[in-house]
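Below is query_14.pdb, holding PDB, C-alpha atoms and all ligand atoms.
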ATOM      1  CA  MET P  55     -99.060   7.676  62.947
ATOM      2  CA  LYS P  56    -100.260   8.543  66.403
ATOM      3  CA  ASN P  57    -100.893   5.808  68.934
ATOM      4  CA  LYS P  58    -104.559   6.003  69.794
ATOM      5  CA  ALA P  59    -106.219   3.863  72.440
ATOM      6  CA  ILE P  60    -109.257   3.530  74.672
ATOM      7  CA  ILE P  61    -108.904   3.257  78.445
ATOM      8  CA  THR P  62    -110.717   0.155  79.676
ATOM      9  CA  SER P  63    -109.746   0.109  83.335
ATOM     10  CA  LEU P  64    -107.990   2.017  86.068
ATOM     11  CA  ASN P  65    -106.481   0.385  89.086
ATOM     12  CA  ALA P  66    -104.193   2.062  91.596
ATOM     13  CA  GLY P  67    -102.979   4.642  89.106
ATOM     14  CA  ILE P  68    -102.348   2.136  86.338
ATOM     15  CA  TYR P  69    -104.489   2.402  83.236
ATOM     16  CA  LYS P  70    -105.254  -0.420  80.891
ATOM     17  CA  LEU P  71    -105.287   0.751  77.279
ATOM     18  CA  VAL P  72    -106.416  -1.051  74.174
ATOM     19  CA  ASP P  73    -104.919   0.279  70.957
ATOM     20  CA  LYS P  74    -107.635   1.359  68.510
ATOM     21  CA  ASN P  75    -105.844  -0.125  65.508
ATOM     22  CA  THR P  76    -103.957  -3.151  66.740
ATOM     23  CA  ASN P  77    -106.099  -4.135  69.773
ATOM     24  CA  VAL P  78    -102.855  -4.630  71.703
ATOM     25  CA  GLU P  79    -103.238  -4.042  75.448
ATOM     26  CA  TYR P  80    -100.909  -1.788  77.414
ATOM     27  CA  GLN P  81    -100.484  -0.802  81.028
ATOM     28  CA  ALA P  82    -100.012   2.929  81.102
ATOM     29  CA  TYR P  83     -99.407   5.846  83.412
ATOM     30  CA  ALA P  84    -100.780   9.356  83.174
ATOM     31  CA  LYS P  85     -98.351  12.188  82.828
ATOM     32  CA  GLY P  86     -98.591  14.821  85.512
ATOM     33  CA  PHE P  87     -99.665  17.630  83.250
ATOM     34  CA  PHE P  88    -103.218  16.373  83.183
ATOM     35  CA  ARG P  89    -103.621  17.369  86.786
ATOM     36  CA  TYR P  90    -104.615  20.942  86.118
ATOM     37  CA  GLN P  91    -105.851  21.962  82.752
ATOM     38  CA  LYS P  92    -107.455  25.247  81.829
ATOM     39  CA  VAL P  93    -111.025  24.741  80.758
ATOM     40  CA  ASP P  94    -112.945  27.764  79.578
ATOM     41  CA  GLU P  95    -116.196  28.326  77.757
ATOM     42  CA  LYS P  96    -114.501  28.018  74.388
ATOM     43  CA  SER P  97    -112.681  24.862  75.298
ATOM     44  CA  GLU P  98    -113.911  21.812  73.467
ATOM     45  CA  PHE P  99    -112.837  19.684  76.375
ATOM     46  CA  ASN P 100    -115.497  18.467  78.774
ATOM     47  CA  ILE P 101    -118.209  20.381  77.007
ATOM     48  CA  ASN P 102    -120.831  19.462  79.583
ATOM     49  CA  ILE P 103    -118.787  20.509  82.568
ATOM     50  CA  THR P 104    -117.782  23.749  80.909
ATOM     51  CA  ASN P 105    -121.388  24.620  80.190
ATOM     52  CA  LYS P 106    -122.483  23.764  83.688
ATOM     53  CA  ASN P 107    -119.886  25.814  85.459
ATOM     54  CA  LYS P 108    -119.209  28.623  83.030
ATOM     55  CA  LYS P 109    -117.594  31.270  85.183
ATOM     56  CA  ASP P 110    -117.149  29.103  88.256
ATOM     57  CA  ILE P 111    -114.276  26.951  87.172
ATOM     58  CA  LYS P 112    -111.466  27.902  84.895
ATOM     59  CA  ILE P 113    -108.852  25.437  85.969
ATOM     60  CA  LEU P 114    -110.116  21.906  86.299
ATOM     61  CA  LYS P 115    -108.352  18.915  87.620
ATOM     62  CA  ILE P 116    -108.481  16.494  84.753
ATOM     63  CA  SER P 117    -107.292  12.945  84.908
ATOM     64  CA  PRO P 118    -107.708  10.330  82.240
ATOM     65  CA  LYS P 119    -110.639   8.082  83.009
ATOM     66  CA  VAL P 120    -112.166   4.858  81.806
ATOM     67  CA  GLY P 121    -113.826   5.393  78.435
ATOM     68  CA  ASP P 122    -111.402   8.106  77.349
ATOM     69  CA  ILE P 123    -109.821   8.017  73.929
ATOM     70  CA  VAL P 124    -106.183   8.876  74.446
ATOM     71  CA  GLU P 125    -102.825   9.111  72.739
ATOM     72  CA  TYR P 126     -99.940   7.259  74.270
ATOM     73  CA  GLU P 127     -96.178   7.086  73.922
ATOM     74  CA  ILE P 128     -93.757   4.412  74.895
ATOM     75  CA  SER P 129     -90.415   5.433  76.315
ATOM     76  CA  ASN P 130     -87.939   3.336  78.276
ATOM     77  CA  ASP P 131     -90.360   0.417  78.094
ATOM     78  CA  LYS P 132     -92.995   2.431  79.916
ATOM     79  CA  CYS P 133     -96.258   3.507  78.404
ATOM     80  CA  PHE P 134     -97.521   7.029  79.052
ATOM     81  CA  ILE P 135    -100.812   8.689  78.229
ATOM     82  CA  VAL P 136     -99.924  12.000  76.611
ATOM     83  CA  LYS P 137    -103.251  13.334  75.373
ATOM     84  CA  ILE P 138    -106.922  12.936  76.207
ATOM     85  CA  TYR P 139    -109.396  13.541  73.393
ATOM     86  CA  PRO P 140    -112.464  15.671  74.163
ATOM     87  CA  ARG P 141    -115.181  13.740  75.941
ATOM     88  CA  LYS P 142    -118.676  13.304  74.612
ATOM     89  CA  ASN P 143    -119.918  13.105  78.191
ATOM     90  CA  GLU P 144    -118.966  11.732  81.562
ATOM     91  CA  ILE P 145    -120.870  10.110  84.351
ATOM     92  CA  LEU P 146    -119.640   9.911  87.906
ATOM     93  CA  ARG P 147    -120.924   6.672  89.308
ATOM     94  CA  PRO P 148    -119.028   4.881  88.040
ATOM     95  CA  ASP P 149    -116.465   7.193  86.582
ATOM     96  CA  VAL P 150    -116.859   6.605  82.837
ATOM     97  CA  SER P 151    -116.650   8.909  79.861
ATOM     98  CA  ASN P 152    -117.917   8.742  76.285
ATOM     99  CA  VAL P 153    -120.983   6.695  77.138
ATOM    100  CA  ASP P 154    -123.236   6.085  74.115
ATOM    101  CA  ASN P 155    -126.000   3.868  75.501
ATOM    102  CA  ALA P 156    -127.626   2.949  78.770
ATOM    103  CA  ILE P 157    -129.521  -0.286  79.183
ATOM    104  CA  LEU P 158    -131.995   0.417  81.974
ATOM    105  CA  ILE P 159    -133.076  -2.763  83.678
ATOM    106  CA  PHE P 160    -136.363  -3.016  85.561
ATOM    107  CA  SER P 161    -138.567  -5.967  86.484
ATOM    108  CA  ALA P 162    -142.217  -6.568  85.720
ATOM    109  CA  LYS P 163    -142.835  -7.720  89.306
ATOM    110  CA  GLU P 164    -141.005  -8.088  92.620
ATOM    111  CA  PRO P 165    -140.253  -5.247  92.684
ATOM    112  CA  ASP P 166    -142.824  -3.398  90.600
ATOM    113  CA  ILE P 167    -141.389  -0.804  88.285
ATOM    114  CA  SER P 168    -140.710   2.522  89.922
ATOM    115  CA  PHE P 169    -141.825   4.890  87.203
ATOM    116  CA  MET P 170    -140.201   7.733  89.111
ATOM    117  CA  LEU P 171    -136.852   6.002  88.914
ATOM    118  CA  LEU P 172    -137.444   5.203  85.258
ATOM    119  CA  ASP P 173    -138.287   8.812  84.416
ATOM    120  CA  LYS P 174    -135.290  10.028  86.363
ATOM    121  CA  MET P 175    -132.919   7.647  84.616
ATOM    122  CA  ILE P 176    -134.267   8.640  81.216
ATOM    123  CA  LEU P 177    -133.828  12.288  82.182
ATOM    124  CA  LEU P 178    -130.215  11.699  83.203
ATOM    125  CA  CYS P 179    -129.598   9.920  79.909
ATOM    126  CA  TYR P 180    -130.995  12.815  77.919
ATOM    127  CA  ILE P 181    -128.991  15.384  79.883
ATOM    128  CA  GLU P 182    -125.781  13.476  79.158
ATOM    129  CA  ASN P 183    -126.737  12.674  75.570
ATOM    130  CA  ILE P 184    -126.926   8.925  76.216
ATOM    131  CA  LYS P 185    -129.401   6.740  74.307
ATOM    132  CA  PRO P 186    -131.560   4.728  76.698
ATOM    133  CA  PHE P 187    -132.874   1.197  76.132
ATOM    134  CA  LEU P 188    -135.278  -0.562  78.431
ATOM    135  CA  VAL P 189    -135.087  -4.189  79.517
ATOM    136  CA  ILE P 190    -137.893  -5.625  81.628
ATOM    137  CA  THR P 191    -137.012  -8.794  83.517
ATOM    138  CA  LYS P 192    -139.190 -11.400  85.278
ATOM    139  CA  LYS P 193    -141.907 -11.132  82.674
ATOM    140  CA  ASP P 194    -143.154 -14.570  83.761
ATOM    141  CA  LEU P 195    -144.102 -13.235  87.194
ATOM    142  CA  ASP P 196    -146.591 -10.691  85.936
ATOM    143  CA  SER P 197    -149.973 -12.178  85.150
ATOM    144  CA  ASN P 198    -151.107  -8.789  83.872
ATOM    145  CA  LEU P 199    -148.135  -8.176  81.647
ATOM    146  CA  ASN P 200    -150.305  -6.622  78.950
ATOM    147  CA  ILE P 201    -151.346  -3.785  81.250
ATOM    148  CA  LEU P 202    -147.715  -3.020  81.987
ATOM    149  CA  LYS P 203    -146.827  -3.314  78.310
ATOM    150  CA  ASP P 204    -149.544  -0.828  77.405
ATOM    151  CA  LYS P 205    -148.138   1.661  79.881
ATOM    152  CA  LEU P 206    -144.526   1.167  78.869
ATOM    153  CA  ASN P 207    -145.469   1.403  75.239
ATOM    154  CA  TYR P 208    -145.751   5.151  75.838
ATOM    155  CA  TYR P 209    -141.952   5.297  76.113
ATOM    156  CA  ASN P 210    -141.574   3.502  72.842
ATOM    157  CA  LYS P 211    -144.176   5.524  71.016
ATOM    158  CA  TYR P 212    -143.273   9.016  72.224
ATOM    159  CA  LEU P 213    -139.600   8.695  73.164
ATOM    160  CA  ASN P 214    -138.532   6.029  70.687
ATOM    161  CA  ILE P 215    -137.072   3.880  73.446
ATOM    162  CA  ASP P 216    -136.754   0.226  72.461
ATOM    163  CA  ILE P 217    -138.168  -2.135  75.089
ATOM    164  CA  TYR P 218    -137.228  -5.797  75.541
ATOM    165  CA  TYR P 219    -138.997  -8.261  77.815
ATOM    166  CA  VAL P 220    -136.936 -11.126  79.181
ATOM    167  CA  ASN P 221    -137.268 -13.877  81.723
ATOM    168  CA  ASN P 222    -134.149 -14.369  83.718
ATOM    169  CA  LEU P 223    -135.190 -17.550  85.431
ATOM    170  CA  LYS P 224    -134.638 -19.282  82.138
ATOM    171  CA  GLU P 225    -131.889 -18.671  79.652
ATOM    172  CA  PHE P 226    -132.820 -15.823  77.417
ATOM    173  CA  ASP P 227    -131.741 -15.052  73.901
ATOM    174  CA  ASN P 228    -129.509 -12.002  74.191
ATOM    175  CA  SER P 229    -129.006 -11.489  70.466
ATOM    176  CA  PHE P 230    -131.115  -8.322  70.612
ATOM    177  CA  LEU P 231    -128.139  -6.728  72.359
ATOM    178  CA  ASP P 232    -125.811  -7.241  69.377
ATOM    179  CA  SER P 233    -126.765  -4.134  67.455
ATOM    180  CA  ILE P 234    -126.994  -1.990  70.608
ATOM    181  CA  ILE P 235    -123.534  -2.818  71.908
ATOM    182  CA  LYS P 236    -121.460  -3.016  68.711
ATOM    183  CA  ASP P 237    -118.907  -0.168  68.395
ATOM    184  CA  LYS P 238    -120.390   1.633  71.411
ATOM    185  CA  ILE P 239    -119.854   2.113  75.126
ATOM    186  CA  THR P 240    -122.952   0.894  76.931
ATOM    187  CA  ILE P 241    -123.633   1.110  80.640
ATOM    188  CA  LEU P 242    -126.023  -1.124  82.533
ATOM    189  CA  ALA P 243    -128.130   0.455  85.229
ATOM    190  CA  GLY P 244    -131.248  -0.616  87.029
ATOM    191  CA  GLN P 245    -133.562  -0.709  89.983
ATOM    192  CA  SER P 246    -132.264  -2.927  92.777
ATOM    193  CA  GLY P 247    -133.634  -6.448  92.967
ATOM    194  CA  VAL P 248    -134.519  -6.688  89.296
ATOM    195  CA  GLY P 249    -132.081  -9.489  88.559
ATOM    196  CA  LYS P 250    -129.392  -7.373  86.989
ATOM    197  CA  SER P 251    -126.681  -9.805  88.000
ATOM    198  CA  SER P 252    -128.484 -12.768  86.411
ATOM    199  CA  PHE P 253    -128.923 -10.647  83.355
ATOM    200  CA  ILE P 254    -125.206  -9.873  83.290
ATOM    201  CA  ASN P 255    -124.414 -13.500  83.959
ATOM    202  CA  ASN P 256    -126.207 -14.417  80.808
ATOM    203  CA  ILE P 257    -124.325 -11.981  78.603
ATOM    204  CA  TYR P 258    -120.923 -11.844  80.269
ATOM    205  CA  PRO P 259    -120.333 -14.136  83.258
ATOM    206  CA  MET P 260    -116.839 -12.753  83.843
ATOM    207  CA  ILE P 261    -118.182  -9.451  85.150
ATOM    208  CA  ASN P 262    -119.915 -10.965  88.144
ATOM    209  CA  ILE P 263    -117.013 -13.250  88.898
ATOM    210  CA  LYS P 264    -114.688 -10.277  88.910
ATOM    211  CA  THR P 265    -117.006  -8.187  91.108
ATOM    212  CA  GLN P 266    -117.174 -11.037  93.614
ATOM    213  CA  GLU P 267    -113.402 -11.429  93.619
ATOM    214  CA  ILE P 268    -112.904  -7.734  94.238
ATOM    215  CA  SER P 269    -115.489  -7.757  97.044
ATOM    216  CA  LYS P 270    -113.813 -10.728  98.661
ATOM    217  CA  ALA P 271    -110.376  -9.197  98.371
ATOM    218  CA  LEU P 272    -111.560  -5.978  99.959
ATOM    219  CA  GLY P 273    -113.738  -7.723 102.519
ATOM    220  CA  ARG P 274    -116.549  -5.323 101.779
ATOM    221  CA  GLY P 275    -119.777  -5.272  99.851
ATOM    222  CA  LYS P 276    -120.273  -4.928  96.169
ATOM    223  CA  HIS P 277    -119.376  -1.827  94.242
ATOM    224  CA  THR P 278    -116.815  -0.549  96.689
ATOM    225  CA  THR P 279    -115.015   1.116  93.862
ATOM    226  CA  ARG P 280    -116.192   3.987  91.775
ATOM    227  CA  ASN P 281    -113.963   2.953  88.926
ATOM    228  CA  ALA P 282    -115.651   0.961  86.240
ATOM    229  CA  ASP P 283    -114.106  -1.607  83.993
ATOM    230  CA  LEU P 284    -115.104  -1.779  80.379
ATOM    231  CA  TYR P 285    -115.708  -5.288  79.123
ATOM    232  CA  TYR P 286    -115.342  -6.123  75.465
ATOM    233  CA  ILE P 287    -118.373  -8.002  74.244
ATOM    234  CA  LYS P 288    -120.237  -8.241  70.947
ATOM    235  CA  GLY P 289    -117.833  -5.787  69.307
ATOM    236  CA  GLY P 290    -118.313  -2.999  71.863
ATOM    237  CA  TYR P 291    -117.791  -2.212  75.513
ATOM    238  CA  ILE P 292    -120.125  -2.513  78.463
ATOM    239  CA  ALA P 293    -119.784  -1.328  82.046
ATOM    240  CA  ASP P 294    -121.840  -2.323  85.033
ATOM    241  CA  THR P 295    -122.984   0.518  87.252
ATOM    242  CA  PRO P 296    -124.490   0.663  90.717
ATOM    243  CA  GLY P 297    -127.271   2.690  89.102
ATOM    244  CA  PHE P 298    -127.041   6.398  88.734
ATOM    245  CA  SER P 299    -130.386   7.017  90.372
ATOM    246  CA  SER P 300    -129.035   8.501  93.566
ATOM    247  CA  ILE P 301    -127.155  11.216  91.751
ATOM    248  CA  SER P 302    -128.871  14.555  91.876
ATOM    249  CA  ILE P 303    -130.078  16.010  88.622
ATOM    250  CA  PRO P 304    -127.315  18.119  87.129
ATOM    251  CA  LEU P 305    -129.497  21.050  86.128
ATOM    252  CA  LYS P 306    -129.063  24.558  87.450
ATOM    253  CA  SER P 307    -132.666  25.575  87.135
ATOM    254  CA  GLU P 308    -136.015  23.794  87.092
ATOM    255  CA  LYS P 309    -136.712  25.774  83.934
ATOM    256  CA  GLU P 310    -134.188  23.674  82.033
ATOM    257  CA  LEU P 311    -136.082  20.487  82.790
ATOM    258  CA  ILE P 312    -138.592  20.877  79.989
ATOM    259  CA  ASN P 313    -135.795  20.694  77.401
ATOM    260  CA  TYR P 314    -135.398  17.017  78.220
ATOM    261  CA  TYR P 315    -139.051  16.058  77.679
ATOM    262  CA  PRO P 316    -139.338  15.611  73.932
ATOM    263  CA  ASP P 317    -142.750  14.009  74.431
ATOM    264  CA  PHE P 318    -144.141  17.305  75.824
ATOM    265  CA  ILE P 319    -142.672  19.635  73.233
ATOM    266  CA  GLU P 320    -145.078  19.108  70.353
ATOM    267  CA  LEU P 321    -148.047  19.581  72.688
ATOM    268  CA  SER P 322    -146.555  22.845  74.024
ATOM    269  CA  ARG P 323    -147.584  24.536  70.801
ATOM    270  CA  ASP P 324    -151.155  24.651  72.051
ATOM    271  CA  CYS P 325    -150.316  25.961  75.535
ATOM    272  CA  LYS P 326    -151.329  29.584  76.098
ATOM    273  CA  PHE P 327    -147.674  30.468  76.602
ATOM    274  CA  GLY P 328    -146.507  28.071  73.895
ATOM    275  CA  TYR P 329    -142.930  26.885  74.224
ATOM    276  CA  LYS P 330    -142.446  29.226  77.181
ATOM    277  CA  CYS P 331    -144.915  27.193  79.243
ATOM    278  CA  PHE P 332    -143.402  25.039  81.989
ATOM    279  CA  HIS P 333    -146.678  23.110  82.317
ATOM    280  CA  ILE P 334    -146.952  23.586  86.052
ATOM    281  CA  LEU P 335    -149.657  26.068  87.004
ATOM    282  CA  GLU P 336    -149.930  28.181  83.888
ATOM    283  CA  PRO P 337    -153.443  28.887  82.566
ATOM    284  CA  ASN P 338    -154.617  27.035  79.461
ATOM    285  CA  CYS P 339    -151.781  24.559  79.521
ATOM    286  CA  ASN P 340    -152.119  21.791  76.954
ATOM    287  CA  VAL P 341    -149.724  19.437  78.730
ATOM    288  CA  SER P 342    -150.821  19.314  82.370
ATOM    289  CA  ASN P 343    -154.090  17.497  81.701
ATOM    290  CA  ASN P 344    -153.371  16.048  78.304
ATOM    291  CA  LEU P 345    -154.713  12.529  77.924
ATOM    292  CA  ASP P 346    -151.978  11.594  75.450
ATOM    293  CA  ILE P 347    -149.358  11.946  78.186
ATOM    294  CA  LEU P 348    -148.824   9.102  80.601
ATOM    295  CA  LYS P 349    -150.220  10.352  83.891
ATOM    296  CA  SER P 350    -147.327   9.133  86.033
ATOM    297  CA  ARG P 351    -144.879  10.738  83.639
ATOM    298  CA  TYR P 352    -146.473  14.151  84.034
ATOM    299  CA  ILE P 353    -146.731  13.807  87.828
ATOM    300  CA  ASN P 354    -143.075  12.750  88.044
ATOM    301  CA  TYR P 355    -142.151  15.730  85.917
ATOM    302  CA  THR P 356    -143.791  18.099  88.412
ATOM    303  CA  LYS P 357    -142.045  16.333  91.302
ATOM    304  CA  LEU P 358    -138.652  16.644  89.642
ATOM    305  CA  TYR P 359    -139.449  20.264  88.831
ATOM    306  CA  ASP P 360    -140.169  20.946  92.510
ATOM    307  CA  GLU P 361    -137.106  19.006  93.591
ATOM    308  CA  ILE P 362    -134.780  21.137  91.471
ATOM    309  CA  LYS P 363    -136.578  24.315  92.484
ATOM    310  CA  SER P 364    -136.343  23.673  96.218
ATOM    311  CA  ARG P 365    -132.729  22.591  95.936
ATOM    312  CA  LYS P 366    -131.874  25.892  94.327
ATOM    313  CA  LYS P 367    -133.279  27.862  97.248
ATOM    314  CA  ILE P 368    -130.870  26.291  99.695
ATOM    315  CA  TYR P 369    -127.925  28.083  98.137
TER     316      TYR P 369
HETATM  317 ZN    ZN N   1    -148.119  24.000  79.183
END

Kindly present the structure from the file in structure tokens form.
Ligand code: ZN
Amino acid sequence: MKNKAIITSLNAGIYKLVDKNTNVEYQAYAKGFFRYQKVDEKSEFNINITNKNKKDIKILKISPKVGDIVEYEISNDKCFIVKIYPRKNEILRPDVSNVDNAILIFSAKEPDISFMLLDKMILLCYIENIKPFLVITKKDLDSNLNILKDKLNYYNKYLNIDIYYVNNLKEFDNSFLDSIIKDKITILAGQSGVGKSSFINNIYPMINIKTQEISKALGRGKHTTRNADLYYIKGGYIADTPGFSSISIPLKSEKELINYYPDFIELSRDCKFGYKCFHILEPNCNVSNNLDILKSRYINYTKLYDEIKSRKKIY
């Protein structure tokens, strides 16, 4: 039987593996042949990267990363990673592969929700085939919580995103996370100042303690490392992230954007140009002024569309 494991951390070239069958932990090294691996359009490896680059890159530098499912061998008392299984996806900040879920954390007040950031995070999730969940903190601070709930309900109704409201100033019941996290890799991302660290403290205090220790040891601020650690909790793994909001949208053309707006697709049927409508300035568009679509969501769509379009011109 092959030795199969998941990589849960990477530190100075040493990988921590957890065997999929026995749960035994190993410290492992990567064999050199991962350095350059041919990746072509037919390759099943790194499907996303292959699609994005097509003709650009044939030989990619591939190293095992946190989240990878690997095969390992033990020789002379040393453990070596000998094979990386194809990745479902990979995100870069932090460097994690095979991410199933993202818990997006925002607050009801102080700061108010940035719907632009929310839409962008959801977009990034959909591009990487990650299922988003939404957690709203500081619900006690918003005296008009129902107005916010009405607005956010759009995301539940049209995108099927589950939304949870919590109050971090008091202990909250985190049992709703059980079914999300079990058997999955889940990343936590959020707007700054929303109380993400209190949230994490509630579910897994060790993460914050470790982050503080690393910061102290390095004498620098938080998140100095791009490497994530996976923490085993509730039968699955979670990783904290500095938020992947600052990453540019990995689309080649603004015309691809519409593929990641499932809430617009049904309505496209009644656009003059049907599914070929980009809902920007086309005549008789059924999306651009549709009252069923959250106004901010449509406006943010047009902004992201312009952002990708203008970025393209630079090259
Ligand atoms: Zn349209």

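Restricting the calculation to all atoms listed in the file, the smallest distance between Met175 (chain P) and any of P:Gly67, P:Gly249, P:Pro140, P:Gly244 is found for P:Gly244.
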
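Taking CA of Leu188 (chain P) as the reference point, CA of Glu361 (chain P) is found at 24.8 Å.
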
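When the PyMOL selection byres (((chain P and resi 174) around 9) and not hetatm) is run on the displayed coordinates, the residues it returns are Phe169, Met170, Leu171, Leu172, Asp173, Met175, Ile176, Leu177, Leu178, Cys179, Ser299, Ile303, Asn354, Tyr355 and Leu358 of chain P.
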
Inset, instruction - Run the PyMOL selection byres (((chain P and resi 220) around 6) and not hetatm) against the file shown and list the residues it catches, as a ChimeraX atom specification. - result: /P:191,219,221

Around ligand ZN 1 (chain N), at most 9 Å away and counting all atoms listed in the file, which residues are there? Put them as a PDB file with C-alpha atoms, in the frame of the given file, please.
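Output contents, as saved in part-v4.pdb:
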ATOM      1  CA  PHE P 318    -144.141  17.305  75.824  1.00  0.00           C
ATOM      2  CA  LEU P 321    -148.047  19.581  72.688  1.00  0.00           C
ATOM      3  CA  SER P 322    -146.555  22.845  74.024  1.00  0.00           C
ATOM      4  CA  ARG P 323    -147.584  24.536  70.801  1.00  0.00           C
ATOM      5  CA  ASP P 324    -151.155  24.651  72.051  1.00  0.00           C
ATOM      6  CA  CYS P 325    -150.316  25.961  75.535  1.00  0.00           C
ATOM      7  CA  LYS P 326    -151.329  29.584  76.098  1.00  0.00           C
ATOM      8  CA  PHE P 327    -147.674  30.468  76.602  1.00  0.00           C
ATOM      9  CA  GLY P 328    -146.507  28.071  73.895  1.00  0.00           C
ATOM     10  CA  TYR P 329    -142.930  26.885  74.224  1.00  0.00           C
ATOM     11  CA  LYS P 330    -142.446  29.226  77.181  1.00  0.00           C
ATOM     12  CA  CYS P 331    -144.915  27.193  79.243  1.00  0.00           C
ATOM     13  CA  PHE P 332    -143.402  25.039  81.989  1.00  0.00           C
ATOM     14  CA  HIS P 333    -146.678  23.110  82.317  1.00  0.00           C
ATOM     15  CA  ILE P 334    -146.952  23.586  86.052  1.00  0.00           C
ATOM     16  CA  LEU P 335    -149.657  26.068  87.004  1.00  0.00           C
ATOM     17  CA  GLU P 336    -149.930  28.181  83.888  1.00  0.00           C
ATOM     18  CA  PRO P 337    -153.443  28.887  82.566  1.00  0.00           C
ATOM     19  CA  ASN P 338    -154.617  27.035  79.461  1.00  0.00           C
ATOM     20  CA  CYS P 339    -151.781  24.559  79.521  1.00  0.00           C
ATOM     21  CA  ASN P 340    -152.119  21.791  76.954  1.00  0.00           C
ATOM     22  CA  VAL P 341    -149.724  19.437  78.730  1.00  0.00           C
ATOM     23  CA  SER P 342    -150.821  19.314  82.370  1.00  0.00           C
TER      24      SER P 342
END

Inset, instruction - Find the residue from P:Asp154, P:Glu79, P:Asp283, P:Asp196 that sits nearest to Ser63 (chain P); use only C-alpha atoms when measuring. - result: P:Asp283

Inset, instruction - Find the distance between CA of Ala243 (chain P) and CA of Leu213 (chain P) and write it in Å to one decimal. - result: 18.6 Å

Legend entry - Result set of the PyMOL selection byres (((chain P and resi 156) around 7) and not hetatm) on the coordinates above, as a PyMOL selection string: chain P and resi 155+157-158+184-187+240-243

Padding of 3 Å on every side, edges along x, y and z, all listed atoms of region 59-62 of chain P included: what centre and edge lengths in Å, to one decimal, does that box have, as AutoDock Vina command-line options?
--center_x -108.5 --center_y 2.0 --center_z 76.1 --size_x 10.5 --size_y 9.7 --size_z 13.2

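CA of Ala162 (chain P) is found 9.6 Å from CA of Ser197 (chain P).
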